[in-house]
$ cat work_30.txt   # compact mmCIF, C-alpha atoms
# COMPACT_ATOMS: atom_id res chain seq x y z
CA MET A 21 74.82 155.96 160.70
CA ASP A 22 77.65 156.04 158.12
CA LYS A 23 80.11 156.83 160.92
CA THR A 24 78.94 153.77 162.91
CA LEU A 25 79.31 151.54 159.82
CA ASN A 26 82.81 152.83 159.12
CA THR A 27 83.80 152.19 162.74
CA SER A 28 82.51 148.59 162.85
CA LEU A 29 83.79 147.60 159.39
CA PRO A 30 87.44 146.98 160.41
CA PHE A 31 86.25 144.86 163.35
CA PHE A 32 84.03 142.83 161.00
CA ARG A 33 86.94 142.27 158.58
CA LEU A 34 89.21 141.15 161.43
CA SER A 35 86.60 138.69 162.76
CA LEU A 36 86.06 137.25 159.27
CA ALA A 37 89.80 136.81 158.76
CA LEU A 38 90.18 134.98 162.09
CA LEU A 39 87.27 132.73 161.23
CA LEU A 40 88.77 131.81 157.87
CA PHE A 41 92.10 130.95 159.49
CA GLN A 42 90.42 128.78 162.11
CA VAL A 43 88.40 126.65 159.65
CA PRO A 44 91.44 124.99 157.96
CA ALA A 45 93.09 124.51 161.35
CA ARG A 46 90.04 122.76 162.75
CA ALA A 47 89.70 120.67 159.58
CA GLN A 48 93.34 119.62 159.91
CA GLU A 49 92.77 118.68 163.55
CA THR A 50 89.76 116.57 162.51
CA VAL A 51 91.81 114.75 159.85
CA GLN A 52 94.62 114.20 162.34
CA GLU A 53 92.16 112.77 164.87
CA GLN A 54 90.84 110.39 162.21
CA VAL A 55 94.37 109.26 161.32
CA ASN A 56 95.27 108.75 164.96
CA SER A 57 92.08 106.78 165.60
CA SER A 58 92.73 104.34 162.71
CA PRO A 59 93.92 100.89 163.76
CA VAL A 60 97.70 100.44 163.95
CA PHE A 61 99.01 97.63 161.74
CA GLN A 62 101.65 95.42 163.30
CA VAL A 63 102.99 91.88 163.02
CA GLU A 64 103.61 89.92 166.20
CA PHE A 65 105.14 86.51 166.89
CA VAL A 66 102.53 84.05 168.24
CA SER A 67 104.03 80.56 168.32
CA GLN A 68 105.97 78.03 166.30
CA TYR A 69 106.04 74.37 165.37
CA PRO A 70 107.86 72.42 166.53
CA THR A 71 108.12 74.40 169.75
CA VAL A 72 111.48 74.74 171.46
CA GLU A 73 110.10 72.72 174.38
CA SER A 74 108.89 69.85 172.18
CA LYS A 75 112.39 69.32 170.82
CA HIS A 76 113.54 68.29 174.30
CA GLN A 77 110.51 66.16 175.24
CA ASN A 78 110.95 62.42 175.66
CA LYS A 79 109.56 60.15 172.98
CA LYS A 80 106.16 58.63 173.61
CA LEU A 81 106.02 54.97 174.63
CA ALA A 82 104.38 53.99 171.33
CA ASP A 83 107.21 55.62 169.38
CA LYS A 84 109.80 53.76 171.48
CA LEU A 85 108.04 50.40 170.96
CA ASN A 86 107.81 50.98 167.20
CA GLN A 87 111.51 51.71 167.11
CA ILE A 88 112.41 48.61 169.14
CA LEU A 89 110.02 46.13 167.49
CA PHE A 90 109.84 47.35 163.90
CA GLY A 91 112.86 49.61 163.57
CA LYS A 92 110.59 52.54 162.73
CA ILE A 93 111.96 55.90 163.77
CA LYS A 94 109.53 58.79 164.08
CA LYS A 95 110.59 61.43 161.59
CA ASP A 96 110.79 65.11 162.45
CA LEU A 97 110.75 68.13 160.18
CA GLY A 98 114.08 68.43 158.42
CA ARG A 99 113.91 71.10 155.73
CA PRO A 100 110.35 72.41 155.31
CA VAL A 101 109.86 74.58 152.22
CA SER A 102 106.13 75.14 151.80
CA MET A 103 102.85 74.65 153.64
CA ILE A 104 99.09 75.15 153.60
CA VAL A 105 96.38 75.36 156.22
CA SER A 106 93.53 72.99 155.32
CA LYS A 107 91.42 73.14 158.47
CA THR A 108 91.67 74.80 161.86
CA ASN A 109 94.99 73.72 163.38
CA GLN A 110 95.69 71.34 160.48
CA TYR A 111 98.73 71.88 158.27
CA TRP A 112 100.31 70.12 155.33
CA ILE A 113 104.06 70.74 155.07
CA LEU A 114 106.47 69.84 152.28
CA ASP A 115 109.77 68.63 153.71
CA GLN A 116 112.68 68.32 151.28
CA LYS A 117 114.99 66.52 153.71
CA ASN A 118 112.50 63.71 154.37
CA LYS A 119 111.29 63.83 150.74
CA SER A 120 107.73 63.72 151.95
CA ILE A 121 104.71 65.62 153.31
CA PHE A 122 103.88 66.07 156.98
CA HIS A 123 100.32 66.35 158.26
CA VAL A 124 100.17 68.35 161.50
CA ASN A 125 97.18 68.87 163.78
CA THR A 126 96.69 69.65 167.47
CA LYS A 127 97.35 66.04 168.50
CA LYS A 128 100.18 64.77 166.33
CA SER A 129 102.58 65.29 163.44
CA GLU A 130 103.07 62.48 160.96
CA ILE A 131 103.75 61.49 157.38
CA PRO A 132 100.49 59.76 156.32
CA HIS A 133 101.11 56.10 155.53
CA TYR A 134 99.43 56.35 152.12
CA ILE A 135 101.99 59.00 151.13
CA GLU A 136 104.94 57.19 152.66
CA LYS A 137 104.14 53.88 150.96
CA ASN A 138 104.14 55.50 147.49
CA LYS A 139 107.74 55.37 146.28
CA PHE A 140 107.64 58.56 144.23
CA ASN A 141 111.17 59.62 145.29
CA LEU A 142 110.15 63.24 145.88
CA ASN A 143 113.58 64.83 145.52
CA SER A 144 112.56 68.42 144.89
CA LEU A 145 109.30 69.35 146.61
CA VAL A 146 108.53 73.01 146.01
CA SER A 147 104.94 74.19 146.50
CA ILE A 148 101.57 73.04 147.83
CA CYS A 149 98.03 74.41 147.62
CA ASN A 150 94.44 73.59 148.52
CA PHE A 151 92.34 72.06 145.76
CA LYS A 152 88.62 71.37 145.42
CA ASN A 153 86.73 68.88 147.64
CA GLU A 154 89.38 69.33 150.37
CA GLN A 155 91.99 67.72 148.13
CA ILE A 156 95.55 69.05 147.89
CA LEU A 157 98.00 69.65 145.05
CA PHE A 158 101.79 69.81 145.27
CA SER A 159 104.68 70.10 142.82
CA ASP A 160 108.04 68.39 142.44
CA SER A 161 110.38 70.25 140.09
CA TYR A 162 112.78 67.30 139.64
CA LEU A 163 110.05 64.85 138.67
CA ASN A 164 108.33 67.59 136.61
CA THR A 165 105.04 66.47 138.10
CA ILE A 166 101.95 67.80 139.86
CA PHE A 167 100.61 65.42 142.51
CA LEU A 168 97.14 65.08 144.05
CA ILE A 169 96.47 64.21 147.70
CA ASP A 170 93.00 62.93 148.61
CA PRO A 171 92.95 62.79 152.45
CA GLU A 172 89.40 61.45 152.65
CA ASN A 173 90.16 58.43 150.46
CA LYS A 174 93.75 58.24 151.69
CA LYS A 175 95.35 58.43 148.26
CA CYS A 176 98.32 60.20 146.71
CA SER A 177 98.60 60.11 142.93
CA VAL A 178 99.81 61.98 139.85
CA LEU A 179 97.27 64.60 138.71
CA ASN A 180 97.78 63.97 134.97
CA ASP A 181 100.25 61.41 133.59
CA SER A 182 100.21 63.02 130.15
CA LEU A 183 101.05 66.53 131.40
CA LYS A 184 104.59 67.51 130.38
CA LEU A 185 106.15 70.37 132.36
CA ASP A 186 109.69 71.73 132.68
CA LYS A 187 110.48 72.32 136.35
CA PRO A 188 107.07 73.22 137.80
CA THR A 189 107.46 75.15 141.04
CA GLY A 190 104.73 77.44 142.42
CA ILE A 191 101.11 76.28 142.27
CA ILE A 192 97.72 77.80 143.14
CA PHE A 193 94.09 76.89 142.51
CA SER A 194 91.42 79.40 141.49
CA ALA A 195 88.10 78.07 142.77
CA ALA A 196 86.23 80.86 140.96
CA ASN A 197 87.53 79.77 137.53
CA ASN A 198 88.28 76.14 138.37
CA GLU A 199 91.85 76.66 137.15
CA ILE A 200 95.27 75.57 138.36
CA TRP A 201 98.08 78.11 137.85
CA VAL A 202 101.62 76.69 137.76
CA THR A 203 104.91 78.55 137.40
CA GLU A 204 106.88 76.54 134.85
CA THR A 205 110.34 77.75 135.81
CA GLY A 206 112.21 75.84 133.12
CA LYS A 207 110.25 77.55 130.35
CA HIS A 208 109.95 80.94 132.05
CA ARG A 209 106.18 81.09 131.90
CA ILE A 210 102.90 80.51 133.73
CA VAL A 211 100.80 77.50 132.71
CA ILE A 212 97.05 77.51 133.39
CA LEU A 213 95.47 74.06 133.70
CA ASN A 214 91.89 72.88 134.07
CA ASP A 215 90.96 70.78 137.10
CA LYS A 216 91.99 67.61 135.23
CA GLY A 217 95.51 68.90 134.65
CA ASP A 218 95.13 69.70 130.94
CA ILE A 219 96.77 72.90 129.63
CA LYS A 220 94.29 75.67 128.79
CA ARG A 221 96.72 78.52 128.05
CA THR A 222 100.10 79.96 128.97
CA ILE A 223 101.37 83.39 130.00
CA GLY A 224 104.75 84.91 129.25
CA LYS A 225 108.14 83.99 127.88
CA ARG A 226 111.73 84.64 128.87
CA GLY A 227 112.60 88.33 129.04
CA ILE A 228 112.71 91.46 131.18
CA GLY A 229 109.61 93.25 129.94
CA LYS A 230 106.22 93.32 131.63
CA GLY A 231 104.58 89.92 131.38
CA GLU A 232 107.95 88.27 130.69
CA PHE A 233 109.89 86.15 133.17
CA ASN A 234 113.36 85.05 134.16
CA PHE A 235 112.96 81.90 136.27
CA PRO A 236 109.57 82.54 137.90
CA THR A 237 109.06 80.52 141.08
CA HIS A 238 106.41 81.15 143.73
CA ILE A 239 102.86 82.28 143.05
CA TRP A 240 99.89 83.53 145.11
CA MET A 241 96.27 84.54 144.47
CA ASP A 242 94.47 87.02 146.72
CA VAL A 243 90.75 87.18 147.56
CA LYS A 244 90.14 89.56 144.65
CA GLY A 245 91.56 87.12 142.12
CA LEU A 246 94.82 89.00 141.52
CA VAL A 247 97.79 86.70 140.90
CA TYR A 248 101.24 87.56 142.32
CA VAL A 249 104.25 85.92 140.65
CA VAL A 250 107.79 86.00 142.03
CA ASP A 251 109.95 86.71 138.97
CA ALA A 252 113.06 85.46 140.77
CA MET A 253 115.99 86.30 138.50
CA ASN A 254 114.44 89.60 137.46
CA PHE A 255 114.31 90.32 141.22
CA ARG A 256 110.74 91.54 141.15
CA VAL A 257 107.09 90.65 141.64
CA GLN A 258 104.55 90.85 138.81
CA ILE A 259 100.82 91.13 139.49
CA PHE A 260 98.25 89.81 136.99
CA ASP A 261 94.49 89.76 136.79
CA GLU A 262 92.61 86.50 136.16
CA GLU A 263 92.93 87.01 132.40
CA GLY A 264 96.72 87.15 132.64
CA ILE A 265 97.05 90.90 132.03
CA VAL A 266 99.81 92.67 133.98
CA GLN A 267 98.44 95.07 136.59
CA SER A 268 101.62 96.10 138.40
CA VAL A 269 105.33 95.32 138.76
CA PHE A 270 107.60 96.16 141.69
CA GLY A 271 111.09 95.35 142.90
CA THR A 272 114.66 95.37 141.63
CA ASN A 273 117.98 93.75 142.54
CA GLY A 274 119.73 94.98 145.69
CA ASP A 275 119.67 94.94 149.48
CA ALA A 276 118.04 98.30 150.15
CA THR A 277 114.40 99.02 150.90
CA GLY A 278 112.29 97.97 147.92
CA ASN A 279 115.02 95.64 146.57
CA PHE A 280 115.25 91.86 146.42
CA ALA A 281 118.28 89.57 146.58
CA SER A 282 116.58 86.16 146.47
CA PRO A 283 112.78 86.53 146.56
CA LYS A 284 110.92 83.33 147.42
CA GLY A 285 107.50 82.96 149.04
CA ILE A 286 104.77 85.57 148.63
CA ALA A 287 101.38 86.22 150.24
CA THR A 288 98.84 88.96 150.88
CA ASP A 289 96.54 89.70 153.81
CA SER A 290 93.04 91.13 154.17
CA TYR A 291 94.45 94.66 154.60
CA GLY A 292 95.95 94.62 151.11
CA ASN A 293 99.55 94.23 152.33
CA ILE A 294 101.93 92.14 150.23
CA TYR A 295 104.55 89.97 151.95
CA VAL A 296 107.67 88.64 150.24
CA ALA A 297 110.20 86.30 151.83
CA ASP A 298 113.82 86.96 150.83
CA ALA A 299 116.00 83.87 151.42
CA LEU A 300 119.37 85.57 150.91
CA LEU A 301 118.65 88.60 153.09
CA MET A 302 116.86 86.28 155.58
CA ARG A 303 113.94 88.61 156.10
CA CYS A 304 110.37 89.23 155.08
CA LYS A 305 109.28 92.48 153.49
CA PHE A 306 105.84 93.94 153.07
CA SER A 307 104.39 96.72 151.01
CA THR A 308 101.04 98.45 151.31
CA SER A 309 98.72 97.58 148.42
CA MET A 310 100.72 97.89 145.18
CA GLU A 311 103.25 100.49 146.26
CA ILE A 312 106.71 100.12 144.81
CA SER A 313 108.56 100.41 148.11
CA CYS A 314 108.91 97.47 150.50
CA THR A 315 109.55 97.64 154.23
CA PRO A 316 111.38 95.07 156.40
CA LEU A 317 108.89 93.08 158.45
CA ASP A 318 110.62 93.62 161.76
CA HIS A 319 112.94 96.25 163.20
CA LYS A 320 115.95 93.92 163.12
CA ASP A 321 115.34 93.14 159.43
CA ARG A 322 115.67 89.45 160.30
CA MET A 323 113.45 86.62 161.44
CA GLN A 324 114.50 84.69 164.53
CA ASP A 325 113.10 81.95 166.72
CA ASN A 326 112.43 81.78 170.45
CA SER A 327 115.99 80.88 171.25
CA GLY A 328 117.28 83.97 169.49
CA CYS A 329 118.87 81.97 166.67
CA HIS A 330 118.54 83.16 163.11
CA PRO A 331 117.20 80.59 160.64
CA GLU A 332 119.24 79.39 157.69
CA SER A 333 116.89 81.13 155.31
CA THR A 334 113.33 82.33 154.95
CA LEU A 335 111.66 80.38 152.18
CA MET A 336 107.89 80.60 152.20
CA ILE A 337 105.19 82.74 153.72
CA LYS A 338 101.53 81.82 153.89
CA ILE A 339 98.52 83.69 155.25
CA SER A 340 95.12 82.20 156.00
CA SER A 341 91.82 83.43 157.38
CA MET A 342 92.32 81.34 160.50
CA PHE A 343 95.89 82.29 161.42
CA PRO A 344 97.65 85.58 160.68
CA ILE A 345 101.03 84.61 159.21
CA HIS A 346 102.86 81.33 158.71
CA THR A 347 106.52 81.57 157.74
CA ILE A 348 108.55 78.61 156.54
CA GLN A 349 112.13 79.06 157.69
CA GLY A 350 115.25 77.01 157.07
CA TYR A 351 114.39 74.32 159.54
CA LYS A 352 110.92 75.05 160.91
CA PHE A 353 107.90 77.21 160.41
CA SER A 354 106.40 79.82 162.68
CA MET A 355 102.71 80.50 163.02
$ encode --input "work_30.txt" --output "structure tokens"
Amino acid sequence: MDKTLNTSLPFFRLSLALLLFQVPARAQETVQEQVNSSPVFQVEFVSQYPTVESKHQNKKLADKLNQILFGKIKKDLGRPVSMIVSKTNQYWILDQKNKSIFHVNTKKSEIPHYIEKNKFNLNSLVSICNFKNEQILFSDSYLNTIFLIDPENKKCSVLNDSLKLDKPTGIIFSAANNEIWVTETGKHRIVILNDKGDIKRTIGKRGIGKGEFNFPTHIWMDVKGLVYVVDAMNFRVQIFDEEGIVQSVFGTNGDATGNFASPKGIATDSYGNIYVADALLMRCKFSTSMEISCTPLDHKDRMQDNSGCHPESTLMIKISSMFPIHTIQGYKFSM
């Protein structure tokens, strides 16, 4: 019996060793299968406005009559810089060349008459955001003013006449806290307002440390309430919670991966990716969650339109639940 045990023992040891080697291999194969089965993230071009075809279409008869009888010329997008999606297929676009705001839906594109008749002289339109009750806010850094659009009552007015800001640029509205966050570029800080436009508190001062700014511009809030601020002349993005506490900082000056030359618009998507438009490098970058490194959005490192022409610059990027990505370029936006 001892002889039989001694004979079978080496075979038992060999079988056990093979089994132990196979377990990690099979586990690795299982993990690899799970990785391979996960959805592949990619960004694809869908369409643009105005389309290349629409640029060559003849004017409608009504437009021709208005031009002949009243001298009114239908205005087209000149230099769009920011936009929002208010309803399905409805967009509000700030246009610096026309010094006004376009309303675009599936049927037409126009500057609403109640905006056009107000002689605000909007010389430096910067940012726009959705507000409560389907109203809209936008900023003009030259007039140092936040404006309110009320589409239902067809009104455009100043949010708060007594509010004094120094070059307000980016603007967002937190529905959860009923707060308006504004990047006050001239004072290198973030100003938090109530829904009436009164200052509640401020965040930051000029500097290079965490929570400090050097000409902050664009701002974005994700679905979790995190606030992303483009700290333009520090060539980075700072991420804050709703209390104004810094959660993460990424970016530095340069043209390599993870660097910024002229960061502008910023947005996030439902996957946790962060998108930053770089106007000087004429490209959009994205990073996964809060990783430090950024990756060019497309393999050519540049945005281009249907005709193959590169835009003058990439200024703003917006993401909504209805459409994947909307990118404001030097003379049009893609969606």
$ closest_residue --input "work_30.txt" --among "A:Asn173, A:Gln258, A:Thr205, A:Asn180" --to "Gly231 (chain A)" --atoms "all atoms listed in the file"
A:Gln258
$ atom_distance --input "work_30.txt" --atom1 "CA of Phe260 (chain A)" --atom2 "CA of Leu246 (chain A)"
5.7 Å
$ atom_distance --input "work_30.txt" --atom1 "CA of Thr71 (chain A)" --atom2 "CA of Ala287 (chain A)"
23.8 Å
$ residues_around --input "work_30.txt" --residues "region 112-123 of chain A" --least-positions-apart "6" --cutoff "12 Å" --atoms "all atoms listed in the file" --output "MDAnalysis selection string"
chainID A and resid 69 94:106 129:150 155:162 167:169 171 176 335:336 338 346:353
$ atom_distance --input "work_30.txt" --atom1 "CA of Glu262 (chain A)" --atom2 "CA of Ile192 (chain A)"
12.3 Å
$ decode --input "work_30.txt" --residues "region 144-157 of chain A" --atoms "all heavy atoms" --output "PDB file, in the first residue's frame"
ATOM      1  N   SER A 144     -19.636  92.112 -26.880  1.00  0.00           N
ATOM      2  CA  SER A 144     -18.746  91.028 -26.459  1.00  0.00           C
ATOM      3  C   SER A 144     -19.536  89.900 -25.792  1.00  0.00           C
ATOM      4  O   SER A 144     -19.351  89.622 -24.618  1.00  0.00           O
ATOM      5  CB  SER A 144     -17.671  91.572 -25.518  1.00  0.00           C
ATOM      6  OG  SER A 144     -16.715  90.567 -25.224  1.00  0.00           O
ATOM      7  N   LEU A 145     -20.389  89.254 -26.578  1.00  0.00           N
ATOM      8  CA  LEU A 145     -21.135  88.100 -26.097  1.00  0.00           C
ATOM      9  C   LEU A 145     -20.167  86.957 -25.816  1.00  0.00           C
ATOM     10  O   LEU A 145     -19.263  86.694 -26.606  1.00  0.00           O
ATOM     11  CB  LEU A 145     -22.165  87.667 -27.133  1.00  0.00           C
ATOM     12  CG  LEU A 145     -23.306  88.663 -27.397  1.00  0.00           C
ATOM     13  CD1 LEU A 145     -24.036  88.306 -28.679  1.00  0.00           C
ATOM     14  CD2 LEU A 145     -24.256  88.705 -26.218  1.00  0.00           C
ATOM     15  N   VAL A 146     -20.361  86.276 -24.696  1.00  0.00           N
ATOM     16  CA  VAL A 146     -19.402  85.232 -24.319  1.00  0.00           C
ATOM     17  C   VAL A 146     -20.070  83.888 -24.060  1.00  0.00           C
ATOM     18  O   VAL A 146     -19.730  82.883 -24.667  1.00  0.00           O
ATOM     19  CB  VAL A 146     -18.577  85.634 -23.079  1.00  0.00           C
ATOM     20  CG1 VAL A 146     -17.563  84.543 -22.742  1.00  0.00           C
ATOM     21  CG2 VAL A 146     -17.861  86.947 -23.313  1.00  0.00           C
ATOM     22  N   SER A 147     -21.037  83.848 -23.134  1.00  0.00           N
ATOM     23  CA  SER A 147     -21.567  82.553 -22.710  1.00  0.00           C
ATOM     24  C   SER A 147     -23.071  82.623 -22.494  1.00  0.00           C
ATOM     25  O   SER A 147     -23.630  83.695 -22.214  1.00  0.00           O
ATOM     26  CB  SER A 147     -20.864  82.114 -21.419  1.00  0.00           C
ATOM     27  OG  SER A 147     -21.233  80.797 -21.066  1.00  0.00           O
ATOM     28  N   ILE A 148     -23.722  81.457 -22.602  1.00  0.00           N
ATOM     29  CA  ILE A 148     -25.168  81.357 -22.479  1.00  0.00           C
ATOM     30  C   ILE A 148     -25.521  80.069 -21.746  1.00  0.00           C
ATOM     31  O   ILE A 148     -24.800  79.074 -21.857  1.00  0.00           O
ATOM     32  CB  ILE A 148     -25.824  81.410 -23.883  1.00  0.00           C
ATOM     33  CG1 ILE A 148     -27.349  81.469 -23.775  1.00  0.00           C
ATOM     34  CG2 ILE A 148     -25.382  80.239 -24.748  1.00  0.00           C
ATOM     35  CD1 ILE A 148     -28.035  81.774 -25.101  1.00  0.00           C
ATOM     36  N   CYS A 149     -26.591  80.082 -20.971  1.00  0.00           N
ATOM     37  CA  CYS A 149     -26.997  78.874 -20.247  1.00  0.00           C
ATOM     38  C   CYS A 149     -28.508  78.857 -20.032  1.00  0.00           C
ATOM     39  O   CYS A 149     -29.166  79.902 -20.065  1.00  0.00           O
ATOM     40  CB  CYS A 149     -26.273  78.757 -18.905  1.00  0.00           C
ATOM     41  SG  CYS A 149     -26.860  79.909 -17.636  1.00  0.00           S
ATOM     42  N   ASN A 150     -29.048  77.676 -19.822  1.00  0.00           N
ATOM     43  CA  ASN A 150     -30.455  77.534 -19.471  1.00  0.00           C
ATOM     44  C   ASN A 150     -30.680  78.007 -18.040  1.00  0.00           C
ATOM     45  O   ASN A 150     -29.837  77.803 -17.168  1.00  0.00           O
ATOM     46  CB  ASN A 150     -30.897  76.084 -19.616  1.00  0.00           C
ATOM     47  CG  ASN A 150     -31.057  75.678 -21.065  1.00  0.00           C
ATOM     48  OD1 ASN A 150     -31.775  76.325 -21.827  1.00  0.00           O
ATOM     49  ND2 ASN A 150     -30.381  74.611 -21.470  1.00  0.00           N
ATOM     50  N   PHE A 151     -31.840  78.608 -17.819  1.00  0.00           N
ATOM     51  CA  PHE A 151     -32.223  79.111 -16.506  1.00  0.00           C
ATOM     52  C   PHE A 151     -33.545  78.451 -16.119  1.00  0.00           C
ATOM     53  O   PHE A 151     -34.045  77.568 -16.822  1.00  0.00           O
ATOM     54  CB  PHE A 151     -32.334  80.646 -16.565  1.00  0.00           C
ATOM     55  CG  PHE A 151     -32.423  81.340 -15.242  1.00  0.00           C
ATOM     56  CD1 PHE A 151     -31.677  80.926 -14.152  1.00  0.00           C
ATOM     57  CD2 PHE A 151     -33.260  82.444 -15.078  1.00  0.00           C
ATOM     58  CE1 PHE A 151     -31.756  81.582 -12.937  1.00  0.00           C
ATOM     59  CE2 PHE A 151     -33.352  83.110 -13.877  1.00  0.00           C
ATOM     60  CZ  PHE A 151     -32.599  82.673 -12.798  1.00  0.00           C
ATOM     61  N   LYS A 152     -34.124  78.813 -15.020  1.00  0.00           N
ATOM     62  CA  LYS A 152     -35.375  78.201 -14.584  1.00  0.00           C
ATOM     63  C   LYS A 152     -36.548  78.692 -15.434  1.00  0.00           C
ATOM     64  O   LYS A 152     -36.473  79.744 -16.091  1.00  0.00           O
ATOM     65  CB  LYS A 152     -35.613  78.507 -13.109  1.00  0.00           C
ATOM     66  CG  LYS A 152     -35.744  79.983 -12.780  1.00  0.00           C
ATOM     67  CD  LYS A 152     -35.942  80.173 -11.293  1.00  0.00           C
ATOM     68  CE  LYS A 152     -36.184  81.648 -10.962  1.00  0.00           C
ATOM     69  NZ  LYS A 152     -36.420  81.840  -9.518  1.00  0.00           N
ATOM     70  N   ASN A 153     -37.641  77.919 -15.416  1.00  0.00           N
ATOM     71  CA  ASN A 153     -38.871  78.251 -16.145  1.00  0.00           C
ATOM     72  C   ASN A 153     -38.621  78.478 -17.633  1.00  0.00           C
ATOM     73  O   ASN A 153     -39.235  79.353 -18.259  1.00  0.00           O
ATOM     74  CB  ASN A 153     -39.542  79.492 -15.536  1.00  0.00           C
ATOM     75  CG  ASN A 153     -39.893  79.305 -14.077  1.00  0.00           C
ATOM     76  OD1 ASN A 153     -40.287  78.218 -13.657  1.00  0.00           O
ATOM     77  ND2 ASN A 153     -39.729  80.358 -13.287  1.00  0.00           N
ATOM     78  N   GLU A 154     -37.670  77.693 -18.191  1.00  0.00           N
ATOM     79  CA  GLU A 154     -37.322  77.757 -19.612  1.00  0.00           C
ATOM     80  C   GLU A 154     -36.798  79.123 -20.034  1.00  0.00           C
ATOM     81  O   GLU A 154     -36.809  79.475 -21.215  1.00  0.00           O
ATOM     82  CB  GLU A 154     -38.513  77.346 -20.490  1.00  0.00           C
ATOM     83  CG  GLU A 154     -38.943  75.896 -20.269  1.00  0.00           C
ATOM     84  CD  GLU A 154     -40.003  75.446 -21.249  1.00  0.00           C
ATOM     85  OE1 GLU A 154     -40.380  76.236 -22.141  1.00  0.00           O
ATOM     86  OE2 GLU A 154     -40.452  74.287 -21.136  1.00  0.00           O
ATOM     87  N   GLN A 155     -36.340  79.911 -19.071  1.00  0.00           N
ATOM     88  CA  GLN A 155     -35.687  81.171 -19.388  1.00  0.00           C
ATOM     89  C   GLN A 155     -34.208  80.921 -19.670  1.00  0.00           C
ATOM     90  O   GLN A 155     -33.694  79.825 -19.448  1.00  0.00           O
ATOM     91  CB  GLN A 155     -35.868  82.158 -18.236  1.00  0.00           C
ATOM     92  CG  GLN A 155     -37.318  82.545 -17.988  1.00  0.00           C
ATOM     93  CD  GLN A 155     -37.483  83.407 -16.754  1.00  0.00           C
ATOM     94  OE1 GLN A 155     -36.725  83.293 -15.791  1.00  0.00           O
ATOM     95  NE2 GLN A 155     -38.484  84.279 -16.772  1.00  0.00           N
ATOM     96  N   ILE A 156     -33.518  81.942 -20.147  1.00  0.00           N
ATOM     97  CA  ILE A 156     -32.127  81.801 -20.587  1.00  0.00           C
ATOM     98  C   ILE A 156     -31.308  82.972 -20.064  1.00  0.00           C
ATOM     99  O   ILE A 156     -31.793  84.119 -20.014  1.00  0.00           O
ATOM    100  CB  ILE A 156     -32.057  81.757 -22.132  1.00  0.00           C
ATOM    101  CG1 ILE A 156     -32.779  80.507 -22.653  1.00  0.00           C
ATOM    102  CG2 ILE A 156     -30.620  81.779 -22.623  1.00  0.00           C
ATOM    103  CD1 ILE A 156     -33.099  80.567 -24.121  1.00  0.00           C
ATOM    104  N   LEU A 157     -30.077  82.697 -19.663  1.00  0.00           N
ATOM    105  CA  LEU A 157     -29.146  83.734 -19.241  1.00  0.00           C
ATOM    106  C   LEU A 157     -27.984  83.806 -20.218  1.00  0.00           C
ATOM    107  O   LEU A 157     -27.547  82.787 -20.756  1.00  0.00           O
ATOM    108  CB  LEU A 157     -28.601  83.432 -17.840  1.00  0.00           C
ATOM    109  CG  LEU A 157     -29.604  83.368 -16.682  1.00  0.00           C
ATOM    110  CD1 LEU A 157     -28.916  82.860 -15.424  1.00  0.00           C
ATOM    111  CD2 LEU A 157     -30.248  84.724 -16.438  1.00  0.00           C
TER     112      LEU A 157
END
